[in-house]
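What follows is a set of notes on a single structure, which appears directly below.
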Amino acid sequence: MDTSPIRESIGNDEERRKIVNRLKRLEGQIRGLQSMIDTGQDCDAVLTQIMAAKSALNQVGLHIIGYSMKTCLAEDGVKSRDELIDDAIKVFLKHSSCVQ
């Protein structure tokens, strides 16, 4: 039996819209990076934009981690407060490496 704390998708339409909008902006940033490389922009400018894109993706990840902690875990009315906190820590530790 899988006892992973996260099993639900981001079920709220508003949350999905926010995340998709952030990802669309990030998609634009990546296209801009491709254009910068195609047009021969200097390395420093390209690297600055790469760091900005990485930061934007990190923010999406943190947003999803936070949403998961607030909703998916909180909806489990069977677990004690300490068990929920433990699950939240597990979620954060498992997924925080993707936002570094």
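The way I read the labels, and the way they are meant: chains A, B, ... in the order of the structure tokens, residue 1 as the first residue of every chain, and ligand 1 as the first ligand shown, with later ones counted on from there.
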
Please return, as a PDB file with N, CA and C atoms, in the first residue's frame, all residues of chain A that DSSP assigns to alpha helix (DSSP H) on the basis of the backbone.
```pdb
ATOM      1  N   ASP A  13      -9.459  24.880  -9.844  1.00  0.00           N
ATOM      2  CA  ASP A  13      -9.303  25.521 -11.157  1.00  0.00           C
ATOM      3  C   ASP A  13      -8.464  26.788 -11.087  1.00  0.00           C
ATOM      4  N   GLU A  14      -8.668  27.575 -10.044  1.00  0.00           N
ATOM      5  CA  GLU A  14      -7.913  28.824  -9.882  1.00  0.00           C
ATOM      6  C   GLU A  14      -6.424  28.536  -9.704  1.00  0.00           C
ATOM      7  N   GLU A  15      -6.088  27.554  -8.892  1.00  0.00           N
ATOM      8  CA  GLU A  15      -4.685  27.193  -8.690  1.00  0.00           C
ATOM      9  C   GLU A  15      -4.059  26.686  -9.979  1.00  0.00           C
ATOM     10  N   ARG A  16      -4.778  25.842 -10.695  1.00  0.00           N
ATOM     11  CA  ARG A  16      -4.251  25.340 -11.977  1.00  0.00           C
ATOM     12  C   ARG A  16      -4.015  26.488 -12.946  1.00  0.00           C
ATOM     13  N   ARG A  17      -4.947  27.445 -12.992  1.00  0.00           N
ATOM     14  CA  ARG A  17      -4.801  28.591 -13.889  1.00  0.00           C
ATOM     15  C   ARG A  17      -3.560  29.395 -13.536  1.00  0.00           C
ATOM     16  N   LYS A  18      -3.344  29.639 -12.239  1.00  0.00           N
ATOM     17  CA  LYS A  18      -2.163  30.389 -11.800  1.00  0.00           C
ATOM     18  C   LYS A  18      -0.876  29.688 -12.211  1.00  0.00           C
ATOM     19  N   ILE A  19      -0.836  28.389 -12.005  1.00  0.00           N
ATOM     20  CA  ILE A  19       0.376  27.634 -12.320  1.00  0.00           C
ATOM     21  C   ILE A  19       0.605  27.592 -13.821  1.00  0.00           C
ATOM     22  N   VAL A  20      -0.435  27.355 -14.585  1.00  0.00           N
ATOM     23  CA  VAL A  20      -0.293  27.324 -16.049  1.00  0.00           C
ATOM     24  C   VAL A  20       0.157  28.684 -16.567  1.00  0.00           C
ATOM     25  N   ASN A  21      -0.371  29.770 -16.011  1.00  0.00           N
ATOM     26  CA  ASN A  21       0.059  31.105 -16.434  1.00  0.00           C
ATOM     27  C   ASN A  21       1.542  31.323 -16.138  1.00  0.00           C
ATOM     28  N   ARG A  22       1.990  30.889 -14.973  1.00  0.00           N
ATOM     29  CA  ARG A  22       3.419  31.013 -14.647  1.00  0.00           C
ATOM     30  C   ARG A  22       4.265  30.201 -15.619  1.00  0.00           C
ATOM     31  N   LEU A  23       3.794  28.999 -15.935  1.00  0.00           N
ATOM     32  CA  LEU A  23       4.552  28.152 -16.862  1.00  0.00           C
ATOM     33  C   LEU A  23       4.567  28.734 -18.274  1.00  0.00           C
ATOM     34  N   LYS A  24       3.491  29.387 -18.675  1.00  0.00           N
ATOM     35  CA  LYS A  24       3.464  30.039 -19.992  1.00  0.00           C
ATOM     36  C   LYS A  24       4.462  31.190 -20.043  1.00  0.00           C
ATOM     37  N   ARG A  25       4.557  31.957 -18.947  1.00  0.00           N
ATOM     38  CA  ARG A  25       5.562  33.023 -18.896  1.00  0.00           C
ATOM     39  C   ARG A  25       6.964  32.429 -18.972  1.00  0.00           C
ATOM     40  N   LEU A  26       7.159  31.329 -18.266  1.00  0.00           N
ATOM     41  CA  LEU A  26       8.447  30.649 -18.289  1.00  0.00           C
ATOM     42  C   LEU A  26       8.758  30.129 -19.693  1.00  0.00           C
ATOM     43  N   GLU A  27       7.758  29.629 -20.370  1.00  0.00           N
ATOM     44  CA  GLU A  27       7.928  29.171 -21.749  1.00  0.00           C
ATOM     45  C   GLU A  27       8.410  30.328 -22.629  1.00  0.00           C
ATOM     46  N   GLY A  28       7.845  31.497 -22.413  1.00  0.00           N
ATOM     47  CA  GLY A  28       8.292  32.682 -23.144  1.00  0.00           C
ATOM     48  C   GLY A  28       9.732  33.034 -22.824  1.00  0.00           C
ATOM     49  N   GLN A  29      10.108  32.900 -21.557  1.00  0.00           N
ATOM     50  CA  GLN A  29      11.498  33.164 -21.169  1.00  0.00           C
ATOM     51  C   GLN A  29      12.445  32.202 -21.873  1.00  0.00           C
ATOM     52  N   ILE A  30      12.062  30.949 -21.974  1.00  0.00           N
ATOM     53  CA  ILE A  30      12.917  29.952 -22.629  1.00  0.00           C
ATOM     54  C   ILE A  30      13.033  30.264 -24.115  1.00  0.00           C
ATOM     55  N   ARG A  31      11.933  30.655 -24.743  1.00  0.00           N
ATOM     56  CA  ARG A  31      12.010  31.060 -26.160  1.00  0.00           C
ATOM     57  C   ARG A  31      12.925  32.264 -26.318  1.00  0.00           C
ATOM     58  N   GLY A  32      12.850  33.185 -25.362  1.00  0.00           N
ATOM     59  CA  GLY A  32      13.738  34.342 -25.399  1.00  0.00           C
ATOM     60  C   GLY A  32      15.195  33.934 -25.277  1.00  0.00           C
ATOM     61  N   LEU A  33      15.474  32.963 -24.443  1.00  0.00           N
ATOM     62  CA  LEU A  33      16.836  32.446 -24.315  1.00  0.00           C
ATOM     63  C   LEU A  33      17.321  31.836 -25.617  1.00  0.00           C
ATOM     64  N   GLN A  34      16.468  31.079 -26.266  1.00  0.00           N
ATOM     65  CA  GLN A  34      16.833  30.488 -27.555  1.00  0.00           C
ATOM     66  C   GLN A  34      17.162  31.582 -28.559  1.00  0.00           C
ATOM     67  N   SER A  35      16.362  32.624 -28.554  1.00  0.00           N
ATOM     68  CA  SER A  35      16.597  33.744 -29.465  1.00  0.00           C
ATOM     69  C   SER A  35      17.909  34.453 -29.138  1.00  0.00           C
ATOM     70  N   MET A  36      18.187  34.630 -27.844  1.00  0.00           N
ATOM     71  CA  MET A  36      19.438  35.272 -27.436  1.00  0.00           C
ATOM     72  C   MET A  36      20.646  34.486 -27.945  1.00  0.00           C
ATOM     73  N   ILE A  37      20.560  33.174 -27.850  1.00  0.00           N
ATOM     74  CA  ILE A  37      21.672  32.344 -28.311  1.00  0.00           C
ATOM     75  C   ILE A  37      21.766  32.394 -29.827  1.00  0.00           C
ATOM     76  N   ASP A  38      20.625  32.331 -30.508  1.00  0.00           N
ATOM     77  CA  ASP A  38      20.617  32.402 -31.978  1.00  0.00           C
ATOM     78  C   ASP A  38      21.201  33.708 -32.496  1.00  0.00           C
ATOM     79  N   CYS A  43      27.583  35.976 -23.217  1.00  0.00           N
ATOM     80  CA  CYS A  43      27.379  34.906 -22.225  1.00  0.00           C
ATOM     81  C   CYS A  43      26.747  35.429 -20.937  1.00  0.00           C
ATOM     82  N   ASP A  44      27.186  36.578 -20.467  1.00  0.00           N
ATOM     83  CA  ASP A  44      26.674  37.109 -19.210  1.00  0.00           C
ATOM     84  C   ASP A  44      25.168  37.356 -19.293  1.00  0.00           C
ATOM     85  N   ALA A  45      24.711  37.937 -20.396  1.00  0.00           N
ATOM     86  CA  ALA A  45      23.280  38.207 -20.563  1.00  0.00           C
ATOM     87  C   ALA A  45      22.490  36.901 -20.623  1.00  0.00           C
ATOM     88  N   VAL A  46      23.019  35.911 -21.327  1.00  0.00           N
ATOM     89  CA  VAL A  46      22.344  34.619 -21.442  1.00  0.00           C
ATOM     90  C   VAL A  46      22.271  33.952 -20.069  1.00  0.00           C
ATOM     91  N   LEU A  47      23.385  33.948 -19.350  1.00  0.00           N
ATOM     92  CA  LEU A  47      23.407  33.319 -18.032  1.00  0.00           C
ATOM     93  C   LEU A  47      22.472  34.019 -17.052  1.00  0.00           C
ATOM     94  N   THR A  48      22.378  35.327 -17.152  1.00  0.00           N
ATOM     95  CA  THR A  48      21.453  36.073 -16.298  1.00  0.00           C
ATOM     96  C   THR A  48      20.017  35.627 -16.565  1.00  0.00           C
ATOM     97  N   GLN A  49      19.667  35.462 -17.831  1.00  0.00           N
ATOM     98  CA  GLN A  49      18.318  35.026 -18.173  1.00  0.00           C
ATOM     99  C   GLN A  49      18.072  33.570 -17.784  1.00  0.00           C
ATOM    100  N   ILE A  50      19.108  32.732 -17.847  1.00  0.00           N
ATOM    101  CA  ILE A  50      18.969  31.342 -17.404  1.00  0.00           C
ATOM    102  C   ILE A  50      18.655  31.312 -15.914  1.00  0.00           C
ATOM    103  N   MET A  51      19.363  32.129 -15.135  1.00  0.00           N
ATOM    104  CA  MET A  51      19.107  32.182 -13.694  1.00  0.00           C
ATOM    105  C   MET A  51      17.690  32.692 -13.397  1.00  0.00           C
ATOM    106  N   ALA A  52      17.226  33.653 -14.186  1.00  0.00           N
ATOM    107  CA  ALA A  52      15.861  34.165 -14.002  1.00  0.00           C
ATOM    108  C   ALA A  52      14.836  33.067 -14.305  1.00  0.00           C
ATOM    109  N   ALA A  53      15.073  32.306 -15.366  1.00  0.00           N
ATOM    110  CA  ALA A  53      14.158  31.219 -15.723  1.00  0.00           C
ATOM    111  C   ALA A  53      14.175  30.131 -14.646  1.00  0.00           C
ATOM    112  N   LYS A  54      15.352  29.816 -14.148  1.00  0.00           N
ATOM    113  CA  LYS A  54      15.465  28.812 -13.090  1.00  0.00           C
ATOM    114  C   LYS A  54      14.711  29.279 -11.842  1.00  0.00           C
ATOM    115  N   SER A  55      14.857  30.534 -11.502  1.00  0.00           N
ATOM    116  CA  SER A  55      14.157  31.084 -10.346  1.00  0.00           C
ATOM    117  C   SER A  55      12.640  31.004 -10.543  1.00  0.00           C
ATOM    118  N   ALA A  56      12.184  31.321 -11.742  1.00  0.00           N
ATOM    119  CA  ALA A  56      10.747  31.257 -12.025  1.00  0.00           C
ATOM    120  C   ALA A  56      10.229  29.827 -11.887  1.00  0.00           C
ATOM    121  N   LEU A  57      10.988  28.859 -12.375  1.00  0.00           N
ATOM    122  CA  LEU A  57      10.579  27.467 -12.245  1.00  0.00           C
ATOM    123  C   LEU A  57      10.588  27.035 -10.774  1.00  0.00           C
ATOM    124  N   ASN A  58      11.582  27.499 -10.021  1.00  0.00           N
ATOM    125  CA  ASN A  58      11.615  27.218  -8.584  1.00  0.00           C
ATOM    126  C   ASN A  58      10.364  27.746  -7.892  1.00  0.00           C
ATOM    127  N   GLN A  59       9.936  28.941  -8.279  1.00  0.00           N
ATOM    128  CA  GLN A  59       8.741  29.526  -7.668  1.00  0.00           C
ATOM    129  C   GLN A  59       7.504  28.694  -7.962  1.00  0.00           C
ATOM    130  N   VAL A  60       7.405  28.150  -9.166  1.00  0.00           N
ATOM    131  CA  VAL A  60       6.278  27.266  -9.489  1.00  0.00           C
ATOM    132  C   VAL A  60       6.326  26.038  -8.585  1.00  0.00           C
ATOM    133  N   GLY A  61       7.501  25.456  -8.445  1.00  0.00           N
ATOM    134  CA  GLY A  61       7.642  24.287  -7.579  1.00  0.00           C
ATOM    135  C   GLY A  61       7.266  24.582  -6.142  1.00  0.00           C
ATOM    136  N   LEU A  62       7.736  25.697  -5.624  1.00  0.00           N
ATOM    137  CA  LEU A  62       7.396  26.071  -4.246  1.00  0.00           C
ATOM    138  C   LEU A  62       5.904  26.329  -4.082  1.00  0.00           C
ATOM    139  N   HIS A  63       5.310  26.935  -5.096  1.00  0.00           N
ATOM    140  CA  HIS A  63       3.873  27.193  -5.054  1.00  0.00           C
ATOM    141  C   HIS A  63       3.108  25.868  -4.956  1.00  0.00           C
ATOM    142  N   ILE A  64       3.511  24.886  -5.743  1.00  0.00           N
ATOM    143  CA  ILE A  64       2.841  23.588  -5.735  1.00  0.00           C
ATOM    144  C   ILE A  64       3.077  22.868  -4.407  1.00  0.00           C
ATOM    145  N   ILE A  65       4.297  22.939  -3.889  1.00  0.00           N
ATOM    146  CA  ILE A  65       4.579  22.334  -2.582  1.00  0.00           C
ATOM    147  C   ILE A  65       3.687  22.972  -1.515  1.00  0.00           C
ATOM    148  N   GLY A  66       3.608  24.294  -1.520  1.00  0.00           N
ATOM    149  CA  GLY A  66       2.764  24.994  -0.550  1.00  0.00           C
ATOM    150  C   GLY A  66       1.303  24.632  -0.693  1.00  0.00           C
ATOM    151  N   TYR A  67       0.832  24.570  -1.927  1.00  0.00           N
ATOM    152  CA  TYR A  67      -0.563  24.200  -2.165  1.00  0.00           C
ATOM    153  C   TYR A  67      -0.825  22.801  -1.623  1.00  0.00           C
ATOM    154  N   ARG A  81      -2.424  15.914  14.368  1.00  0.00           N
ATOM    155  CA  ARG A  81      -1.673  17.117  14.000  1.00  0.00           C
ATOM    156  C   ARG A  81      -0.200  16.780  13.756  1.00  0.00           C
ATOM    157  N   ASP A  82       0.392  15.982  14.649  1.00  0.00           N
ATOM    158  CA  ASP A  82       1.797  15.612  14.507  1.00  0.00           C
ATOM    159  C   ASP A  82       2.048  14.789  13.247  1.00  0.00           C
ATOM    160  N   GLU A  83       1.125  13.883  12.921  1.00  0.00           N
ATOM    161  CA  GLU A  83       1.267  13.082  11.698  1.00  0.00           C
ATOM    162  C   GLU A  83       1.189  13.973  10.457  1.00  0.00           C
ATOM    163  N   LEU A  84       0.293  14.956  10.492  1.00  0.00           N
ATOM    164  CA  LEU A  84       0.176  15.878   9.358  1.00  0.00           C
ATOM    165  C   LEU A  84       1.441  16.713   9.199  1.00  0.00           C
ATOM    166  N   ILE A  85       2.000  17.161  10.312  1.00  0.00           N
ATOM    167  CA  ILE A  85       3.253  17.928  10.261  1.00  0.00           C
ATOM    168  C   ILE A  85       4.371  17.057   9.725  1.00  0.00           C
ATOM    169  N   ASP A  86       4.440  15.818  10.175  1.00  0.00           N
ATOM    170  CA  ASP A  86       5.452  14.891   9.661  1.00  0.00           C
ATOM    171  C   ASP A  86       5.292  14.692   8.151  1.00  0.00           C
ATOM    172  N   ASP A  87       4.043  14.529   7.699  1.00  0.00           N
ATOM    173  CA  ASP A  87       3.792  14.378   6.259  1.00  0.00           C
ATOM    174  C   ASP A  87       4.204  15.630   5.489  1.00  0.00           C
ATOM    175  N   ALA A  88       3.920  16.796   6.059  1.00  0.00           N
ATOM    176  CA  ALA A  88       4.301  18.046   5.402  1.00  0.00           C
ATOM    177  C   ALA A  88       5.819  18.141   5.266  1.00  0.00           C
ATOM    178  N   ILE A  89       6.527  17.762   6.303  1.00  0.00           N
ATOM    179  CA  ILE A  89       7.992  17.784   6.251  1.00  0.00           C
ATOM    180  C   ILE A  89       8.489  16.805   5.196  1.00  0.00           C
ATOM    181  N   LYS A  90       7.884  15.619   5.125  1.00  0.00           N
ATOM    182  CA  LYS A  90       8.267  14.636   4.112  1.00  0.00           C
ATOM    183  C   LYS A  90       8.048  15.185   2.706  1.00  0.00           C
ATOM    184  N   VAL A  91       6.903  15.830   2.489  1.00  0.00           N
ATOM    185  CA  VAL A  91       6.604  16.421   1.180  1.00  0.00           C
ATOM    186  C   VAL A  91       7.668  17.452   0.833  1.00  0.00           C
ATOM    187  N   PHE A  92       7.952  18.334   1.785  1.00  0.00           N
ATOM    188  CA  PHE A  92       8.926  19.380   1.515  1.00  0.00           C
ATOM    189  C   PHE A  92      10.299  18.795   1.212  1.00  0.00           C
ATOM    190  N   LEU A  93      10.762  17.868   2.033  1.00  0.00           N
ATOM    191  CA  LEU A  93      12.079  17.290   1.836  1.00  0.00           C
ATOM    192  C   LEU A  93      12.176  16.496   0.534  1.00  0.00           C
ATOM    193  N   LYS A  94      11.115  15.791   0.201  1.00  0.00           N
ATOM    194  CA  LYS A  94      11.116  14.993  -1.023  1.00  0.00           C
ATOM    195  C   LYS A  94      11.190  15.865  -2.263  1.00  0.00           C
ATOM    196  N   HIS A  95      10.483  16.983  -2.239  1.00  0.00           N
ATOM    197  CA  HIS A  95      10.348  17.797  -3.447  1.00  0.00           C
ATOM    198  C   HIS A  95      11.175  19.073  -3.430  1.00  0.00           C
ATOM    199  N   SER A  96      11.744  19.442  -2.301  1.00  0.00           N
ATOM    200  CA  SER A  96      12.477  20.713  -2.257  1.00  0.00           C
ATOM    201  C   SER A  96      13.752  20.677  -3.096  1.00  0.00           C
TER     202      SER A  96
END
```
